[in-house]
Amino acid sequence: MPWHPILIHFPIALLTAAVVVDAAALLCRRPNWQPGAYTLLLAGTVGAAAAVFTGNADAAAYRQADVAAAIQDHENLGTATFLLFLLMLLGRLPDVLRAGQRGRSGPPGPAGRRAAWLWLAAGVGGLVLLYLTSHHGGELVYKHGVGTRNLRCCAP
């Protein structure tokens, strides 16, 4: 059973929600929303890892098909998207841990707010990559028939 088409929707939704909640936390000056955004980022990144793994496994059947180059492009975009969000997850971890230690002592200072804006910019860049990856994946299915019975892969 191909798992990639089932799993892929979770990281798309979770990573998008993570960036939206991050933006809302900054724009509404609600730093207490950022742990929720980080949790969404964590779940979305784990989902993206699963999507990349299952996508690579599902693509093995199409390595000799006419769409192999398009599948490779999609895989490259998906891997780049996953790596960017993984770097964001790991890069933000010290801030999350510091915020946990700070507890109720107040919101982050100016340096913390600047860092939050930089992470938001990285998240928006990640969403652009996510969109491109999703668009290429949709083209593989709806334009080229990958994963459907309409594509004859590997037939002599």
# chains A, B, ... in the order shown; residues from 1 in each chain; ligands from 1
$ closest_atom_pairs --of "stretch 4-109 of chain A" --to "stretch 137-150 of chain A" --cutoff "9 Å" --atoms "only C-alpha atoms" --output "Markdown table"
| residue | atom | partner | partner_atom | distance |
| --- | --- | --- | --- | --- |
| A:Pro5 | CA | A:Gly147 | CA | 8.6 |
| A:Asp58 | CA | A:Gly147 | CA | 8.5 |
| A:Ala59 | CA | A:Val146 | CA | 8.9 |
| A:Tyr62 | CA | A:Val146 | CA | 8.1 |
| A:Val67 | CA | A:His144 | CA | 7.3 |
| A:Ala70 | CA | A:Leu140 | CA | 7.3 |
| A:Ile71 | CA | A:Leu140 | CA | 7.2 |
| A:His74 | CA | A:Gly137 | CA | 6.2 |
| A:Glu75 | CA | A:Gly137 | CA | 9.0 |
$ residues_around --residues "A:Ile8" --least-positions-apart "4" --cutoff "12 Å" --atoms "only C-alpha atoms" --output "list of chain:residue names"
A:Pro2, A:Trp3, A:His4, A:Ile12, A:Ala13, A:Leu14, A:Leu15, A:Gly44, A:Thr45, A:Val46, A:Gly47, A:Ala48, A:Ala49, A:Ala50, A:Ala51, A:Val52, A:Phe53, A:Thr54, A:Gly55, A:Gly78, A:Phe82, A:Leu130, A:Thr133, A:Ser134, A:Gly137, A:Gly138
$ closest_residue --among "A:Pro11, A:Gly123, A:Pro35, A:Pro110" --to "A:Arg98" --atoms "only C-alpha atoms"
A:Pro35
$ atom_distance --atom1 "atom CA of A:Leu129" --atom2 "atom CA of A:Leu77"
6.9 Å
$ residues_around --residues "A:Leu118" --least-positions-apart "4" --cutoff "12 Å" --atoms "only C-alpha atoms" --output "list of chain:residue names"
A:Val19, A:Asp22, A:Ala23, A:Leu26, A:Met88, A:Gly91, A:Arg92, A:Ala111, A:Gly112, A:Arg113, A:Arg114, A:Ala122, A:Gly123, A:Val124, A:Gly125
$ write_last_selection --atoms "C-alpha atoms" --output "tab-separated table (two decimals), in the first residue's frame"
chain	number	residue	atom	x	y	z
A	19	VAL	CA	4.03	29.40	10.57
A	22	ASP	CA	4.07	32.03	14.79
A	23	ALA	CA	2.97	35.02	12.71
A	26	LEU	CA	4.28	38.08	16.75
A	88	MET	CA	14.27	25.56	12.15
A	91	GLY	CA	17.66	26.10	15.76
A	92	ARG	CA	14.70	27.21	17.82
A	111	ALA	CA	16.79	40.18	20.99
A	112	GLY	CA	14.20	37.42	21.43
A	113	ARG	CA	11.66	39.33	19.35
A	114	ARG	CA	14.22	39.90	16.57
A	122	ALA	CA	12.61	31.29	7.57
A	123	GLY	CA	9.18	29.72	8.06
A	124	VAL	CA	7.71	31.75	5.21
A	125	GLY	CA	10.61	30.58	3.04
$ atom_distance --atom1 "atom CA of A:Val20" --atom2 "atom CA of A:Gln72"
29.4 Å
